[in-house]
Structure formats: structure tokens, C-alpha cells
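Read through the structure below, which is laid out as C-alpha cells, and then see the notes.
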Amino acid sequence: MLFYKHKLYNINSIMLRKLIITIFSIFLFAINANAGSDGELTLKKNKPAEIKDCFEKLNRATFKLNQGLDKVIIKPIAKGYKNLPNGIQKGTKNAVTNLSNLVTIPNNVLQGDLKSAIINTARLAVNTTVGLLGTIDVANKMGFPKYVKEDYGQTLGAWGIGPGCYLVLPVLGPSTIRDTAGSFTNVLGGDPWYNASIHGNNQFLSEGLYIGSKALSGIDFRANNIDSLDNIEKNSLDFYASLKSLYLQDRENKIKNNQRGSIEVLYKDEEDWEEIDNN
Amino acid sequence: MKKIFIIILLLNINYIYAYSIEPNVFIQSTVNRASDILSKNISKEEKIEELKSIAKETVDIRGVGFYSLGSAKKNLDENQKKKYFDLFENYFLKSFSSRLSEYTNPKIEVQGKKILNKNYTIVNSLLISTSERPEVKIDWRVYTKNPDNPLIRDLIIEGLSLAVAQRAEFTSILNSNDGDINALFKTLESFTKK
């Protein structure tokens, strides 16, 4: 009886959590829809510089908090991680990248890219089995096409939903309303790794493992960008604005699947460049 | 008469080609020069000074300055423009050389080019990976209005434009100070002095 009560409590708690997340996501979409309807933030015009920073004061405060956390906790860990043997770093990177396939594949399907979905499913199968839980990128050695990550924020963008306002999230960093709403999809059933870890009801997976894998992914990213971020910070007049611009440019390229050298990337700022010759 | 016209036209074309510099050759020679400086056994300060002189020759600092100002450039009078360009040049040279001086012996391979129009060519290159860092794709926006004297206007690193990011910074400083250009002047001055 006690077991059932406990189970019922767990189910209720999960449902309550999901309900809160759903309401919050709907709220975010509602803001996004309003922001997107002012004529400036449609996908066609959403140049990174034109995306509104509706919560700038709050964003800058969160940015400062994140910088503090980075200085005291994240950067020292990332530096320690960078000192680990190359094999361990590579294995970790491969394993977390392999897990990200679980989010990429449904997004390939949602974006109508079935070919990539099939390739990434095969990649996941090969790397998880032959590649020892993804620590070895066997698929790459077999000549699979280069892996391109996709997420729910990118899918929403590909569907024509504007980015809405710029946001800085505690710990997680730069985002937009659309991308934050996209991230919530992961915990609403969109990430099989989350589902299996949190609700899998087995002895091998746990919430800690899921959080650990996400933390490792973040540390790996930070470790690979120590020098470049230091360099940008040192040479920026406004580090916040600089990172915001780089994040938004990167998201725009990812949503449009712009490959380096593609005509979309090259021409996207053409009018602005031509304009300076008329002065 | 027709023949004479064709001969004159051909001579002109030859003349143009004889003196113009291909943007990809220009970039490769520029990065080779910078790489030589960075590999030299001299102090960091000396490297920075030498890199600044390369930047003065090869970058359209005035053009980049105009671009960075965005729409604010329309509101400046001649005196303010002059002051801005003096301050911008000092800021740019310091920032540019400081960014580059962090690298030791970088190897950049030019891979190709894409002509956008008569004014711009994009040169594609690759910063070769080392044990310390992965390979980095760098595209160069070269201003080719004067083919005899091509100039760099932007660096696009892994698809991210440095000029766009710089303009976002300038716009942010102006927006937080009600568009007051003197606030930007002050920020540029304090960056150069630090």
C-alpha cells in the first residue's frame, strides 16, 4: 500500500513538473508570438543585430552572475579537464556527441530531413555498439558524412518561428525565447536520453547520470573555448554585446543550415557593406 | 577601325590584369607575413608593432570603422568623424594585433575564393589544427574596388563575422548612452590606454 502511495506521489510530482513546464513553454511561445508579430522579428528580417534585447538589464545581471560562476567553478574545472590525457578528452567528447544524436534524429525528422535521420540512426547504432557506448567515433572512420547537431530550437526556427527576445539563462548562458522553449521540449519527452534516465525505471540509469552527461558536455565545450573566449573578453569593448552577437550569428547559421562558403552566409550582410561605399 | 578598337580593348584588359592582385594571393601573402612575424624570436611588444604595420597596409581600417558605427555614422559632423577615425584606428590596431599575437606560428592555408561582385571577394582559408586547438575555417572579406590595392574588411571565423560582432558592441555602447557619440569616444580612448 505504501509502495503504491509512493508511486502515486511520484507520478503526481512528475505530472505537476510537466504541467509547470508546459505552462511555462506556452507562456514563452505567447511572448514569442507577440514579439514576432511586430514586423521586425520575422525570420526574413531577423538579422542578429535586430533581435530585441527586451530584458537587457536582467540579462546583463545574469551574464555577470554567469561570469562569476565561470571564474570560480566552470573555468577551473574546464582547465583541469584540458589537462587530462587526450584519449580521455576525445572519448568523453565522442560519448556526449553520440548521446546528442537522440535529440538530433527526431529533429531531422521534424525538419523533413529523412536522409540525415537515417544516417544519424545508423551512426548512433554503430557508435553505441562497436564504438563502446559512443566513446569511439567508428562511424566517422567508416566514412559517414560529418555529424551536424540539431535541436528543437533549430526546428522551431526552421518552421518559421521567430527568435523572440534575447535571453541569458543562469548557468546555461545565451539563448532566445524560441531556443529556451525548444530546450523545454527535451524534458517534455523530446529527449529519449532524458526519458530513459529519469523515467526509465532501471538500475543502470538515473537523474544523476543525465545531469552528469549534460555537465560533461558543457565542460567539454568550455575547455575547447578557453583561449578564444579569453581572447574575445580581453579585446572587447562590451563583452556581453560581443557574445550576444556571436551567439545569434551562430544560431542563424545553424537554423538555416548555412554551410561555410554558401551564398547565404556570404550575402547576408551585403547591403550593409555596400552602404558604406556610398559615404 | 573595328580591329583597332579590339586591339585597344585587349591592351587595356592586359593592362588591368598585369597590375591587379588576385585576392587569394593577397591573403596568402598577408598571412605568410604575419606568420613570419609570429614565429620570430622577438618580444611580444615588438611582434605587436610589426603586426600593426601589416594591418595598416592590408586592412581598410576606415571602411571597417564606418561599418562598425552602423546607422550612427549619419549623425556625425566632420569634426566628430575625424575624431572617431583617429580613435578607431588606434583601437582597431591594438585589438587586432593583440588578438593575433596570442598565436605562435599559425599555419593558414588559402583554399579558394568566391567573387561576390566587383567590390568584394571572399577568400576561404583554413587555420591548420595543432595538438592545442582544432582546425578553424577563416573567410576573408576582401574589398576589391581598386584591384591594384585589395584590402581586408572582415574576418568570418567559422561563419561568425567579427565586423558584425564589433558593430553590435558599438551599437550597444551607443544605445546605453542615449546615442551619445562621446560615450563611444570615451570607451575607445580607455581601451587604447589600458
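Residues in the C-alpha cells are numbered from 1 in each chain, the chains being A, B, ... in the order shown, and ligands are numbered from 1 in the order shown.
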
Among stretch 32-63 of chain B, which ones does DSSP place in alpha helix (DSSP H), written as a list in words?
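Checking each residue of stretch 32-63 of chain B, the alpha helix (DSSP H) ones are Asn32, Arg33, Ala34, Ser35, Asp36, Ile37, Leu38, Ser39, Lys44, Glu45, Glu46, Lys47, Ile48, Glu49, Glu50, Leu51, Lys52, Ser53, Ile54, Ala55, Lys56, Glu57, Thr58, Ile61, Arg62 and Gly63 of chain B.
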
For the residues selected in the previous step, produce a file with C-alpha atoms as a PDB file, in the first residue's frame.
```pdb
ATOM      1  CA  ASN B  32      52.579  34.434 -44.516  1.00  0.00           C
ATOM      2  CA  ARG B  33      53.979  37.797 -43.462  1.00  0.00           C
ATOM      3  CA  ALA B  34      52.017  37.702 -40.197  1.00  0.00           C
ATOM      4  CA  SER B  35      53.068  34.102 -39.584  1.00  0.00           C
ATOM      5  CA  ASP B  36      56.748  35.011 -40.111  1.00  0.00           C
ATOM      6  CA  ILE B  37      56.444  37.760 -37.504  1.00  0.00           C
ATOM      7  CA  LEU B  38      54.721  35.484 -35.014  1.00  0.00           C
ATOM      8  CA  SER B  39      57.440  32.827 -35.423  1.00  0.00           C
ATOM      9  CA  LYS B  44      55.592  40.268 -27.775  1.00  0.00           C
ATOM     10  CA  GLU B  45      55.659  44.092 -27.914  1.00  0.00           C
ATOM     11  CA  GLU B  46      57.893  44.010 -31.000  1.00  0.00           C
ATOM     12  CA  LYS B  47      55.590  41.461 -32.626  1.00  0.00           C
ATOM     13  CA  ILE B  48      52.587  43.701 -31.912  1.00  0.00           C
ATOM     14  CA  GLU B  49      54.307  46.709 -33.529  1.00  0.00           C
ATOM     15  CA  GLU B  50      55.166  44.718 -36.661  1.00  0.00           C
ATOM     16  CA  LEU B  51      51.648  43.292 -36.874  1.00  0.00           C
ATOM     17  CA  LYS B  52      50.240  46.806 -36.627  1.00  0.00           C
ATOM     18  CA  SER B  53      52.252  47.903 -39.658  1.00  0.00           C
ATOM     19  CA  ILE B  54      50.915  44.927 -41.685  1.00  0.00           C
ATOM     20  CA  ALA B  55      47.354  45.800 -40.599  1.00  0.00           C
ATOM     21  CA  LYS B  56      47.809  49.419 -41.703  1.00  0.00           C
ATOM     22  CA  GLU B  57      48.837  48.229 -45.188  1.00  0.00           C
ATOM     23  CA  THR B  58      46.313  45.455 -45.700  1.00  0.00           C
ATOM     24  CA  ILE B  61      40.510  50.442 -41.312  1.00  0.00           C
ATOM     25  CA  ARG B  62      38.384  53.411 -42.384  1.00  0.00           C
ATOM     26  CA  GLY B  63      35.847  51.124 -44.084  1.00  0.00           C
TER      27      GLY B  63
END
```

Set the cut-off to 6 Å and count only C-alpha atoms: what are the residues of chain B that reach chain A? Output as a list in words.
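Residues of chain B within 6 Å of chain A, counting only C-alpha atoms: Ser95, Ala165 and Glu169 of chain B.
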
List as a list of chain:residue names the protein and nucleic acid residues near stretch 61-72 of chain A, meaning an atom at most 9 Å away when only C-alpha atoms are counted, but skip any in the same chain fewer than 5 places from it.
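The filter keeps A:Glu56, A:Val168, A:Leu169, A:Pro170, A:Val171, A:Leu172, A:Gly173, A:Pro174, A:Tyr240.
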
Quick one: everything within 10 Å of B:Leu126, counting only C-alpha atoms, minus sequence neighbours fewer than 6 positions away in the same chain. Send it as a list of chain:residue names.
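Listed by chain and then number, they are B:Lys107, B:Ile108, B:Glu109, B:Val110, B:Gln111, B:Glu135, B:Val136, B:Lys137, B:Ile138, B:Asp139, B:Ile157, B:Glu158.
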
Let's have the selection written as a tab-separated table (two decimals), in the first residue's frame, with C-alpha atoms.
```tsv
chain	number	residue	atom	x	y	z
B	107	LYS	CA	49.70	28.00	-40.36
B	108	ILE	CA	46.93	29.28	-42.61
B	109	GLU	CA	46.24	27.70	-45.98
B	110	VAL	CA	44.24	29.61	-48.57
B	111	GLN	CA	41.83	27.21	-50.21
B	135	GLU	CA	41.30	23.45	-37.28
B	136	VAL	CA	39.48	26.75	-37.81
B	137	LYS	CA	37.81	27.92	-41.01
B	138	ILE	CA	38.52	31.56	-41.71
B	139	ASP	CA	36.95	33.52	-44.57
B	157	ILE	CA	35.58	32.74	-38.37
B	158	GLU	CA	33.56	29.52	-38.61
```

d(atom CA of A:Gln89, atom CA of A:Asn101) in Å
18.9 Å

Using only C-alpha atoms, what does the table of stretch 137-187 of chain B residues within 8 Å of stretch 67-71 of chain B look like, with each row giving the shortest atom pair and its distance in Å to one decimal, sorted by chain and ascending number, as a Markdown table?
```
| residue | atom | partner | partner_atom | distance |
| --- | --- | --- | --- | --- |
| B:Ala163 | CA | B:Ser68 | CA | 6.7 |
| B:Val164 | CA | B:Ser68 | CA | 7.4 |
| B:Gln166 | CA | B:Ser68 | CA | 6.1 |
| B:Arg167 | CA | B:Ser68 | CA | 4.1 |
| B:Ala168 | CA | B:Ser68 | CA | 7.8 |
| B:Phe170 | CA | B:Leu69 | CA | 6.4 |
| B:Thr171 | CA | B:Leu69 | CA | 7.1 |
```

With a distance cut-off of 6 Å and only C-alpha atoms, select the neighbouring residues of B:Asn119, excluding the residue or stretch itself and same-chain residues fewer than 6 positions from it, and output the selection as an NGL selection string.
:B and (143-145)

Rounded to one decimal in Å, what is the spacing between atom CA of A:Arg123 and atom CA of A:Leu110?
18.5 Å

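Picture a line from atom CA of B:Ser176 to atom CA of A:Thr180; it runs 25.7 Å.
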
Please identify the strand (DSSP E or B) residues within stretch 46-181 of chain B (assignment by DSSP from backbone atoms) and present them as a ChimeraX atom specification.
/B:59,108-115,120-127,136-143,151-157,160-161

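Counting only C-alpha atoms, stretch 81-86 of chain B has the following residues at most 9 Å away, ignoring those fewer than 2 positions along the same chain: Ile61, Arg62, Gly65, Phe66, Lys73, Leu76, Asp77, Glu78, Asn79, Phe88, Glu89, Asn90, Tyr91, Ile181, Leu184, Phe185 and Leu188 of chain B.
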